[in-house]
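See below for target.cif, which holds mmCIF, C-alpha atoms.
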```
data_my_file
loop_
_atom_site.group_PDB
_atom_site.id
_atom_site.type_symbol
_atom_site.label_atom_id
_atom_site.label_comp_id
_atom_site.auth_asym_id
_atom_site.auth_seq_id
_atom_site.Cartn_x
_atom_site.Cartn_y
_atom_site.Cartn_z
ATOM 1 C CA MET A 1 14.083 4.295 12.575
ATOM 2 C CA SER A 2 12.365 6.894 14.675
ATOM 3 C CA ILE A 3 8.838 6.300 15.947
ATOM 4 C CA ALA A 4 7.414 8.901 13.545
ATOM 5 C CA TRP A 5 8.077 6.626 10.552
ATOM 6 C CA TYR A 6 6.016 3.849 12.103
ATOM 7 C CA LEU A 7 3.204 6.293 12.821
ATOM 8 C CA ALA A 8 3.276 7.488 9.202
ATOM 9 C CA VAL A 9 2.938 3.892 7.976
ATOM 10 C CA SER A 10 0.075 3.348 10.397
ATOM 11 C CA ALA A 11 -1.708 6.496 9.141
ATOM 12 C CA ILE A 12 -1.324 5.368 5.520
ATOM 13 C CA VAL A 13 -2.665 1.880 6.262
ATOM 14 C CA PHE A 14 -5.622 3.323 8.170
ATOM 15 C CA CYS A 15 -6.556 5.661 5.334
ATOM 16 C CA VAL A 16 -6.196 2.968 2.667
ATOM 17 C CA GLY A 17 -8.537 0.824 4.754
ATOM 18 C CA ALA A 18 -11.002 3.701 5.126
ATOM 19 C CA VAL A 19 -11.042 4.264 1.365
ATOM 20 C CA GLY A 20 -11.682 0.557 0.873
ATOM 21 C CA VAL A 21 -14.591 0.543 3.323
ATOM 22 C CA MET A 22 -16.163 3.496 1.528
ATOM 23 C CA THR A 23 -15.633 2.335 -2.053
ATOM 24 C CA ARG A 24 -15.883 -1.458 -2.143
ATOM 25 C CA ARG A 25 -19.251 -3.137 -2.507
ATOM 26 C CA ASN A 26 -18.506 -6.760 -1.665
ATOM 27 C CA PRO A 27 -19.118 -7.172 2.105
ATOM 28 C CA LEU A 28 -16.258 -9.673 2.313
ATOM 29 C CA VAL A 29 -13.843 -7.051 1.047
ATOM 30 C CA VAL A 30 -15.400 -4.435 3.327
ATOM 31 C CA LEU A 31 -14.587 -6.730 6.267
ATOM 32 C CA LEU A 32 -11.014 -7.095 4.980
ATOM 33 C CA CYS A 33 -10.701 -3.308 4.811
ATOM 34 C CA LEU A 34 -11.990 -3.038 8.380
ATOM 35 C CA GLU A 35 -9.149 -5.377 9.327
ATOM 36 C CA LEU A 36 -6.769 -2.980 7.601
ATOM 37 C CA MET A 37 -8.052 -0.079 9.696
ATOM 38 C CA LEU A 38 -7.703 -2.083 12.904
ATOM 39 C CA ASN A 39 -4.175 -3.065 11.899
ATOM 40 C CA GLY A 40 -3.249 0.555 11.343
ATOM 41 C CA ALA A 41 -4.491 1.354 14.841
ATOM 42 C CA ASN A 42 -2.558 -1.623 16.215
ATOM 43 C CA LEU A 43 0.676 -0.438 14.644
ATOM 44 C CA ALA A 44 0.221 3.008 16.198
ATOM 45 C CA LEU A 45 -0.511 1.446 19.605
ATOM 46 C CA ILE A 46 2.615 -0.688 19.476
ATOM 47 C CA ALA A 47 4.749 2.203 18.263
ATOM 48 C CA PHE A 48 3.586 4.323 21.214
ATOM 49 C CA SER A 49 4.139 1.386 23.536
ATOM 50 C CA ARG A 50 7.740 1.217 22.314
ATOM 51 C CA MET A 51 8.065 4.982 22.620
ATOM 52 C CA TRP A 52 7.316 4.955 26.345
ATOM 53 C CA GLY A 53 8.757 1.513 27.071
ATOM 54 C CA ASN A 54 5.398 0.573 28.558
ATOM 55 C CA GLY A 55 3.508 -2.643 27.852
ATOM 56 C CA ASP A 56 -0.032 -1.248 28.085
ATOM 57 C CA GLY A 57 -0.186 -0.508 24.363
ATOM 58 C CA GLN A 58 0.706 -4.092 23.530
ATOM 59 C CA ILE A 59 -2.090 -5.397 25.768
ATOM 60 C CA LEU A 60 -4.515 -3.032 24.066
ATOM 61 C CA ALA A 61 -3.293 -4.282 20.670
ATOM 62 C CA LEU A 62 -3.979 -7.861 21.764
ATOM 63 C CA VAL A 63 -7.493 -6.887 22.864
ATOM 64 C CA VAL A 64 -8.025 -5.162 19.507
ATOM 65 C CA MET A 65 -6.995 -8.399 17.788
ATOM 66 C CA THR A 66 -9.571 -10.298 19.864
ATOM 67 C CA VAL A 67 -12.294 -7.829 18.935
ATOM 68 C CA ALA A 68 -11.267 -8.107 15.276
ATOM 69 C CA ALA A 69 -11.517 -11.891 15.453
ATOM 70 C CA CYS A 70 -15.025 -11.611 16.940
ATOM 71 C CA GLU A 71 -16.048 -9.120 14.271
ATOM 72 C CA VAL A 72 -14.787 -11.439 11.521
ATOM 73 C CA CYS A 73 -16.630 -14.349 13.097
ATOM 74 C CA ILE A 74 -19.977 -12.540 13.203
ATOM 75 C CA GLY A 75 -19.463 -10.809 9.847
ATOM 76 C CA LEU A 76 -18.648 -14.000 7.991
ATOM 77 C CA GLY A 77 -21.586 -15.749 9.688
ATOM 78 C CA MET A 78 -23.858 -12.974 8.423
ATOM 79 C CA ILE A 79 -22.431 -13.227 4.903
ATOM 80 C CA VAL A 80 -22.999 -16.991 4.862
ATOM 81 C CA ALA A 81 -26.576 -16.459 6.106
ATOM 82 C CA ILE A 82 -27.169 -13.831 3.387
ATOM 83 C CA TYR A 83 -25.802 -16.206 0.760
ATOM 84 C CA ARG A 84 -28.069 -19.031 1.963
ATOM 85 C CA ARG A 85 -31.116 -16.822 1.488
ATOM 86 C CA HIS A 86 -30.042 -16.079 -2.106
ATOM 87 C CA LEU A 87 -29.802 -12.366 -1.448
ATOM 88 C CA PRO A 88 -27.233 -10.378 -3.438
ATOM 89 C CA ILE A 89 -23.761 -10.202 -1.868
ATOM 90 C CA ASP A 90 -23.520 -6.453 -2.300
ATOM 91 C CA VAL A 91 -23.717 -3.757 0.358
ATOM 92 C CA ASP A 92 -25.527 -1.409 -2.026
ATOM 93 C CA GLU A 93 -28.282 -3.914 -2.760
ATOM 94 C CA LEU A 94 -28.902 -4.845 0.864
ATOM 95 C CA ARG A 95 -30.980 -1.836 1.836
ATOM 96 C CA GLU A 96 -33.889 -3.351 3.692
ATOM 97 C CA LEU A 97 -32.972 -1.900 7.055
ATOM 98 C CA GLN A 98 -32.605 1.522 5.510
ATOM 99 C CA GLY A 99 -36.340 2.181 5.798
ATOM 100 C CA MET B 1 20.265 -2.899 8.967
ATOM 101 C CA SER B 2 17.107 -2.156 10.893
ATOM 102 C CA SER B 3 16.242 0.780 8.605
ATOM 103 C CA VAL B 4 16.624 -1.423 5.515
ATOM 104 C CA LEU B 5 14.346 -4.001 7.125
ATOM 105 C CA PHE B 6 11.912 -1.241 8.069
ATOM 106 C CA PHE B 7 11.625 0.036 4.513
ATOM 107 C CA ILE B 8 11.180 -3.455 3.069
ATOM 108 C CA ALA B 9 8.493 -4.307 5.648
ATOM 109 C CA ALA B 10 6.765 -0.927 5.266
ATOM 110 C CA ALA B 11 6.639 -1.375 1.494
ATOM 111 C CA GLY B 12 5.089 -4.805 2.058
ATOM 112 C CA VAL B 13 2.555 -3.400 4.523
ATOM 113 C CA ILE B 14 1.439 -0.552 2.262
ATOM 114 C CA SER B 15 1.391 -2.547 -0.968
ATOM 115 C CA GLY B 16 -0.567 -5.302 0.763
ATOM 116 C CA ALA B 17 -3.086 -2.738 1.999
ATOM 117 C CA VAL B 18 -3.429 -1.160 -1.457
ATOM 118 C CA GLY B 19 -3.790 -4.638 -2.933
ATOM 119 C CA VAL B 20 -6.743 -5.395 -0.651
ATOM 120 C CA VAL B 21 -8.537 -2.269 -1.883
ATOM 121 C CA VAL B 22 -7.785 -2.413 -5.623
ATOM 122 C CA LEU B 23 -7.707 -6.123 -6.453
ATOM 123 C CA ARG B 24 -10.770 -7.454 -8.170
ATOM 124 C CA ASP B 25 -11.089 -11.038 -6.998
ATOM 125 C CA PRO B 26 -11.923 -11.341 -3.257
ATOM 126 C CA PHE B 27 -9.600 -14.335 -3.079
ATOM 127 C CA PHE B 28 -6.639 -12.213 -4.175
ATOM 128 C CA CYS B 29 -7.739 -9.566 -1.651
ATOM 129 C CA VAL B 30 -7.416 -12.164 1.105
ATOM 130 C CA LEU B 31 -3.963 -13.179 -0.141
ATOM 131 C CA ALA B 32 -2.895 -9.518 -0.216
ATOM 132 C CA LEU B 33 -4.100 -9.161 3.369
ATOM 133 C CA VAL B 34 -2.012 -12.179 4.393
ATOM 134 C CA ALA B 35 1.086 -10.545 2.861
ATOM 135 C CA HIS B 36 0.164 -7.311 4.660
ATOM 136 C CA LEU B 37 -0.186 -9.090 8.008
ATOM 137 C CA ILE B 38 3.151 -10.875 7.719
ATOM 138 C CA SER B 39 4.953 -7.638 6.834
ATOM 139 C CA LEU B 40 3.185 -5.971 9.751
ATOM 140 C CA ALA B 41 4.517 -8.702 12.048
ATOM 141 C CA VAL B 42 8.033 -7.762 10.887
ATOM 142 C CA LEU B 43 7.323 -4.145 11.884
ATOM 143 C CA PHE B 44 6.117 -5.359 15.296
ATOM 144 C CA LEU B 45 9.364 -7.279 15.711
ATOM 145 C CA LEU B 46 11.326 -4.132 14.868
ATOM 146 C CA LEU B 47 9.369 -2.388 17.626
ATOM 147 C CA ARG B 48 10.492 -5.165 20.007
ATOM 148 C CA SER B 49 7.088 -6.680 20.628
ATOM 149 C CA GLU B 50 7.870 -10.301 19.893
ATOM 150 C CA PHE B 51 4.785 -11.781 21.471
ATOM 151 C CA VAL B 52 2.352 -9.578 19.553
ATOM 152 C CA ALA B 53 4.219 -10.361 16.325
ATOM 153 C CA ALA B 54 3.934 -14.090 16.974
ATOM 154 C CA VAL B 55 0.221 -13.766 17.783
ATOM 155 C CA GLN B 56 -0.245 -11.729 14.632
ATOM 156 C CA VAL B 57 1.270 -14.447 12.446
ATOM 157 C CA VAL B 58 -0.298 -17.439 14.187
ATOM 158 C CA VAL B 59 -3.790 -16.137 14.941
ATOM 159 C CA TYR B 60 -4.366 -13.547 12.228
ATOM 160 C CA ALA B 61 -2.420 -14.765 9.212
ATOM 161 C CA GLY B 62 -3.023 -18.367 10.228
ATOM 162 C CA ALA B 63 -6.477 -18.878 11.686
ATOM 163 C CA VAL B 64 -8.583 -15.849 10.736
ATOM 164 C CA MET B 65 -7.388 -15.808 7.143
ATOM 165 C CA VAL B 66 -8.212 -19.513 6.745
ATOM 166 C CA LEU B 67 -11.757 -18.622 7.818
ATOM 167 C CA TYR B 68 -11.816 -15.910 5.142
ATOM 168 C CA VAL B 69 -10.491 -18.271 2.469
ATOM 169 C CA PHE B 70 -13.191 -20.809 3.261
ATOM 170 C CA VAL B 71 -15.980 -18.235 3.108
ATOM 171 C CA VAL B 72 -14.623 -16.740 -0.138
ATOM 172 C CA ALA B 73 -14.484 -20.228 -1.633
ATOM 173 C CA TYR B 74 -18.054 -20.870 -0.472
ATOM 174 C CA VAL B 75 -19.636 -17.547 -1.433
ATOM 175 C CA GLY B 76 -17.358 -16.477 -4.256
ATOM 176 C CA GLY B 77 -18.692 -13.393 -5.942
ATOM 177 C CA ASP B 78 -16.811 -10.998 -8.157
ATOM 178 C CA SER B 79 -16.853 -7.248 -8.041
ATOM 179 C CA GLY B 80 -15.984 -5.107 -11.013
ATOM 180 C CA SER B 81 -12.628 -3.497 -11.671
ATOM 181 C CA LEU B 82 -11.623 -0.323 -9.892
ATOM 182 C CA GLY B 83 -12.734 2.121 -12.599
ATOM 183 C CA GLU B 84 -15.945 0.203 -13.096
ATOM 184 C CA ARG B 85 -16.630 0.409 -9.370
ATOM 185 C CA LEU B 86 -15.932 4.115 -9.202
ATOM 186 C CA ARG B 87 -18.427 5.018 -11.915
ATOM 187 C CA GLY B 88 -20.526 1.859 -11.848
ATOM 188 C CA PRO B 89 -24.304 1.979 -12.233
ATOM 189 C CA GLY B 90 -25.059 0.964 -8.674
ATOM 190 C CA PRO B 91 -28.076 2.207 -6.726
ATOM 191 C CA VAL B 92 -25.744 4.576 -4.931
ATOM 192 C CA GLY B 93 -24.300 7.174 -7.226
ATOM 193 C CA SER B 94 -20.727 7.062 -8.407
ATOM 194 C CA GLY B 95 -20.167 10.557 -7.051
ATOM 195 C CA LEU B 96 -20.699 9.272 -3.521
ATOM 196 C CA ARG B 97 -18.075 6.609 -4.084
ATOM 197 C CA LEU B 98 -15.591 9.074 -5.491
ATOM 198 C CA GLY B 99 -16.400 11.320 -2.531
ATOM 199 C CA GLY B 100 -15.449 8.431 -0.233
ATOM 200 C CA ALA B 101 -12.052 8.138 -1.892
ATOM 201 C CA ILE B 102 -11.500 11.904 -1.630
ATOM 202 C CA LEU B 103 -12.519 11.813 2.030
ATOM 203 C CA GLY B 104 -9.955 9.062 2.657
ATOM 204 C CA GLY B 105 -7.247 11.159 1.015
ATOM 205 C CA ALA B 106 -8.237 14.177 3.104
ATOM 206 C CA LEU B 107 -8.072 12.015 6.237
ATOM 207 C CA LEU B 108 -4.537 10.930 5.307
ATOM 208 C CA VAL B 109 -3.438 14.533 4.769
ATOM 209 C CA GLU B 110 -4.930 15.523 8.102
ATOM 210 C CA LEU B 111 -3.254 12.656 9.957
ATOM 211 C CA LEU B 112 0.128 13.443 8.405
ATOM 212 C CA ILE B 113 -0.241 17.142 9.301
ATOM 213 C CA ALA B 114 -1.035 16.108 12.867
ATOM 214 C CA LEU B 115 2.019 13.862 12.844
ATOM 215 C CA LEU B 116 4.390 16.499 11.506
ATOM 216 C CA GLY B 117 3.068 19.320 13.658
ATOM 217 C CA THR B 118 2.959 17.362 16.870
ATOM 218 C CA GLY B 119 4.481 18.738 20.033
ATOM 219 C CA LEU B 120 5.671 15.316 21.149
ATOM 220 C CA GLU B 121 9.446 15.346 21.261
ATOM 221 C CA ALA B 122 9.801 11.615 21.877
ATOM 222 C CA ILE B 123 8.232 10.865 18.498
ATOM 223 C CA ASN B 124 11.531 11.599 16.786
ATOM 224 C CA GLY B 125 13.491 9.340 19.099
ATOM 225 C CA HIS B 126 14.068 5.621 18.880
ATOM 226 C CA GLY B 127 11.888 4.784 21.846
ATOM 227 C CA ALA B 128 12.684 4.066 25.450
ATOM 228 C CA GLY B 129 15.769 2.169 26.490
ATOM 229 C CA TYR B 130 15.739 -1.555 25.974
ATOM 230 C CA SER B 131 17.644 -4.216 27.842
ATOM 231 C CA GLY B 132 17.496 -7.842 26.778
ATOM 232 C CA GLY B 133 16.690 -10.788 28.970
ATOM 233 C CA ALA B 134 13.974 -13.356 29.561
ATOM 234 C CA HIS B 135 11.607 -10.842 31.170
ATOM 235 C CA ALA B 136 12.411 -7.866 28.938
ATOM 236 C CA PHE B 137 9.867 -5.594 27.284
ATOM 237 C CA GLY B 138 7.583 -7.433 24.869
ATOM 238 C CA THR B 139 8.517 -11.001 25.724
ATOM 239 C CA PRO B 140 5.780 -13.565 26.480
ATOM 240 C CA ALA B 141 6.715 -13.470 30.167
ATOM 241 C CA TYR B 142 6.259 -9.700 30.287
ATOM 242 C CA ILE B 143 2.910 -9.789 28.438
ATOM 243 C CA GLY B 144 1.670 -12.717 30.505
ATOM 244 C CA LYS B 145 2.466 -10.964 33.751
ATOM 245 C CA LEU B 146 0.629 -7.824 32.620
ATOM 246 C CA LEU B 147 -2.372 -9.810 31.362
ATOM 247 C CA LEU B 148 -2.788 -11.727 34.599
ATOM 248 C CA THR B 149 -2.233 -8.825 36.975
ATOM 249 C CA ARG B 150 -3.092 -5.319 35.801
ATOM 250 C CA PHE B 151 -5.269 -6.293 32.849
ATOM 251 C CA LEU B 152 -7.015 -9.342 34.261
ATOM 252 C CA LEU B 153 -10.468 -7.813 33.762
ATOM 253 C CA ALA B 154 -9.754 -6.968 30.113
ATOM 254 C CA PHE B 155 -8.389 -10.466 29.569
ATOM 255 C CA GLU B 156 -11.473 -12.156 31.006
ATOM 256 C CA MET B 157 -13.825 -9.868 29.135
ATOM 257 C CA ALA B 158 -12.026 -10.617 25.879
ATOM 258 C CA SER B 159 -12.430 -14.349 26.483
ATOM 259 C CA PHE B 160 -16.131 -13.867 27.224
ATOM 260 C CA LEU B 161 -16.513 -11.790 24.066
ATOM 261 C CA LEU B 162 -14.919 -14.586 22.014
ATOM 262 C CA LEU B 163 -17.364 -17.084 23.492
ATOM 263 C CA ILE B 164 -20.339 -14.874 22.632
ATOM 264 C CA ALA B 165 -19.021 -14.336 19.100
ATOM 265 C CA ALA B 166 -18.537 -18.075 18.536
ATOM 266 C CA VAL B 167 -22.089 -18.849 19.696
ATOM 267 C CA GLY B 168 -23.441 -15.976 17.604
ATOM 268 C CA ALA B 169 -21.667 -17.191 14.476
ATOM 269 C CA VAL B 170 -23.059 -20.696 14.904
ATOM 270 C CA VAL B 171 -26.586 -19.323 15.400
ATOM 271 C CA LEU B 172 -26.280 -17.016 12.376
ATOM 272 C CA ALA B 173 -24.831 -19.520 9.939
ATOM 273 C CA ARG B 174 -26.652 -22.711 10.876
ATOM 274 C CA ARG B 175 -28.847 -24.516 8.396
ATOM 275 C CA ARG B 176 -32.522 -24.021 9.061
ATOM 276 C CA GLY B 177 -33.963 -26.813 6.920
ATOM 277 C CA GLY B 178 -32.282 -29.859 8.452
ATOM 278 C CA LEU B 179 -29.675 -31.932 6.659
ATOM 279 C CA GLY B 180 -29.677 -33.101 3.066
ATOM 280 C CA ASP B 181 -32.611 -33.748 0.772
ATOM 281 C CA GLU B 182 -36.118 -34.387 1.946
ATOM 282 C CA ASP B 183 -36.462 -37.927 0.603
ATOM 283 C CA GLU B 184 -33.211 -39.061 2.082
ATOM 284 C CA GLY B 185 -34.689 -39.574 5.504
ATOM 285 C CA ASP B 186 -37.594 -41.667 4.293
ATOM 286 C CA ARG B 187 -35.426 -44.518 3.132
ATOM 287 C CA LEU B 188 -35.667 -47.428 5.545
ATOM 288 C CA THR B 189 -32.403 -49.168 6.248
ATOM 289 C CA PRO B 190 -31.802 -52.385 8.212
ATOM 290 C CA LEU B 191 -30.146 -50.248 10.812
ATOM 291 C CA ASP B 192 -33.484 -48.617 11.647
ATOM 292 C CA LEU B 193 -34.942 -51.955 12.751
ATOM 293 C CA LEU B 194 -31.924 -52.964 14.843
ATOM 294 C CA ARG B 195 -31.350 -49.631 16.485
ATOM 295 C CA PRO B 196 -33.501 -48.524 19.429
ATOM 296 C CA GLN B 197 -35.121 -45.101 19.312
ATOM 297 C CA GLY B 198 -33.197 -42.079 20.461
ATOM 298 C CA THR B 199 -29.605 -43.221 20.174
ATOM 299 C CA GLY B 200 -28.369 -39.682 19.751
ATOM 300 C CA THR B 201 -27.261 -39.639 16.126
ATOM 301 C CA MET B 202 -26.596 -36.359 14.342
ATOM 302 C CA ALA B 203 -29.689 -36.894 12.186
ATOM 303 C CA GLU B 204 -31.827 -36.977 15.313
ATOM 304 C CA GLY B 205 -30.064 -33.921 16.638
ATOM 305 C CA VAL B 206 -31.360 -31.817 13.746
ATOM 306 C CA GLY B 207 -34.825 -33.366 13.872
ATOM 307 C CA ARG B 208 -34.650 -35.624 10.855
ATOM 308 C CA ARG B 209 -35.801 -38.768 12.652
ATOM 309 C CA PRO B 210 -38.018 -39.212 15.662
#
```
Target format structure tokens, applied to this file:
Amino acid sequence: MSIAWYLAVSAIVFCVGAVGVMTRRNPLVVLLCLELMLNGANLALIAFSRMWGNGDGQILALVVMTVAACEVCIGLGMIVAIYRRHLPIDVDELRELQG
Amino acid sequence: MSSVLFFIAAAGVISGAVGVVVLRDPFFCVLALVAHLISLAVLFLLLRSEFVAAVQVVVYAGAVMVLYVFVVAYVGGDSGSLGERLRGPGPVGSGLRLGGAILGGALLVELLIALLGTGLEAINGHGAGYSGGAHAFGTPAYIGKLLLTRFLLAFEMASFLLLIAAVGAVVLARRRGGLGDEDEGDRLTPLDLLRPQGTGTMAEGVGRRP
């Protein structure tokens, strides 16, 4: 398959993730949709890496995976902290920082 | 053969992604993401990046998703069905939510236009030449050599970032009120008389006993 097919799949996954981030209200699912967006970017990076026969894109994809793992770690810690304080698990209800 | 595999894996990737967005129960969302990640690893293998595919399956679908499953089991929570969410009576209007979906569709159209109208010729090819071997493109040896030579700084910074994230998660999610019930620590056991003070038990560590 030519590289363009992989890029099309990556664009679709990214946009599905973006729609999820904008429409879902459960912060757990919002985090999952952020993972989807990062995965779409990863697929594009690896497709371009294959296109040029150059490993830099793969290294960048690995770094993106590390950043995603950190983001999950902090995000889930925040969700657990929110749950312990008996606040609603809903991104629309959590508006205290909005001023 | 490889195109058949591509279409099967791409269908898995896209249906997994759609499943994450539309499914109602967060637990099923996590399972859909696991299916998505495994199909994505197949696509990575088709692009000859074996090491990244293996990391994807082991670290992402293995470790990170287990973390998600535990938190979903702990927190739970249920969000309404898709239609209910789109017009639901939340504090934020339903029009904003529908606008988000429309914006996502517009983004997809724009990305596909950019893809079709690109000037890159190589995008329609099958990628650069590939020769097998132990040190070929995408093997662990190749990635390891790159990580420890050209990208050493990025590698070290990523490890430092992981350390900071782990400490931050522990600080965020720790219990603030000590362990267990209040009256549990007041019970006197024979062990308290035999044991000298400050033996480093976990109860002392969180300040339950002097």
Check the smallest atom-to-atom distance from each of A:Leu45, A:Leu94, A:Ile3, A:Leu60 to chain B using all atoms listed in the file, then report the winner. A:Ile3
Show me, as a list in words, every residue of chain B with an atom at most 6 Å from chain A, counting only C-alpha atoms. Ser3, Val21, Arg97, Gly100, Ala101, Gly104, Leu108, Ile123, Asn124, Gly125, His126, Gly127, Ala128, Leu162, Ala165, Ala169, Leu172 and Ala173 of chain B
I need the residues from that last selection saved to file as a short mmCIF file (atom, residue, chain, number, x, y, z; two decimals), in the coordinates of the input (with C-alpha atoms), if you can.
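Ended up saving to selection.cif:
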```cif
data_model
loop_
_atom_site.label_atom_id
_atom_site.label_comp_id
_atom_site.auth_asym_id
_atom_site.auth_seq_id
_atom_site.Cartn_x
_atom_site.Cartn_y
_atom_site.Cartn_z
CA SER B 3 16.24 0.78 8.60
CA VAL B 21 -8.54 -2.27 -1.88
CA ARG B 97 -18.08 6.61 -4.08
CA GLY B 100 -15.45 8.43 -0.23
CA ALA B 101 -12.05 8.14 -1.89
CA GLY B 104 -9.96 9.06 2.66
CA LEU B 108 -4.54 10.93 5.31
CA ILE B 123 8.23 10.86 18.50
CA ASN B 124 11.53 11.60 16.79
CA GLY B 125 13.49 9.34 19.10
CA HIS B 126 14.07 5.62 18.88
CA GLY B 127 11.89 4.78 21.85
CA ALA B 128 12.68 4.07 25.45
CA LEU B 162 -14.92 -14.59 22.01
CA ALA B 165 -19.02 -14.34 19.10
CA ALA B 169 -21.67 -17.19 14.48
CA LEU B 172 -26.28 -17.02 12.38
CA ALA B 173 -24.83 -19.52 9.94
#
```
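When CA of Gly168 (chain B) is paired with CA of Cys29 (chain B), their separation reads 25.7 Å.
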What does the structure give for the distance between CA of Gly132 (chain B) and CA of Leu152 (chain B), in Å to one decimal?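 Separation between CA of Gly132 (chain B) and CA of Leu152 (chain B): 25.7 Å.
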Which value, in Å to one decimal, gives the distance between CA of Glu96 (chain A) and CA of Gly99 (chain B)?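 Going from CA of Glu96 (chain A) over to CA of Gly99 (chain B), I get 23.7 Å.
Applied to the shown file, the PyMOL selection byres ((chain B and resi 64) around 10) selects the residues Ala68, Ala69, Cys70, Val72 and Cys73 of chain A; Val34, Val58, Val59, Tyr60, Ala61, Gly62, Ala63, Met65, Val66, Leu67, Tyr68 and Val69 of chain B.
Applied to this file, the PyMOL selection byres ((chain B and resi 42) around 10) selects Leu5, Phe6, Ile8, Ala9, Ala10, Gly12, Val13, Leu37, Ile38, Ser39, Leu40, Ala41, Leu43, Phe44, Leu45, Leu46, Leu47, Arg48, Ser49, Glu50, Ala53, Ala54, Gln56 and Val57 of chain B.
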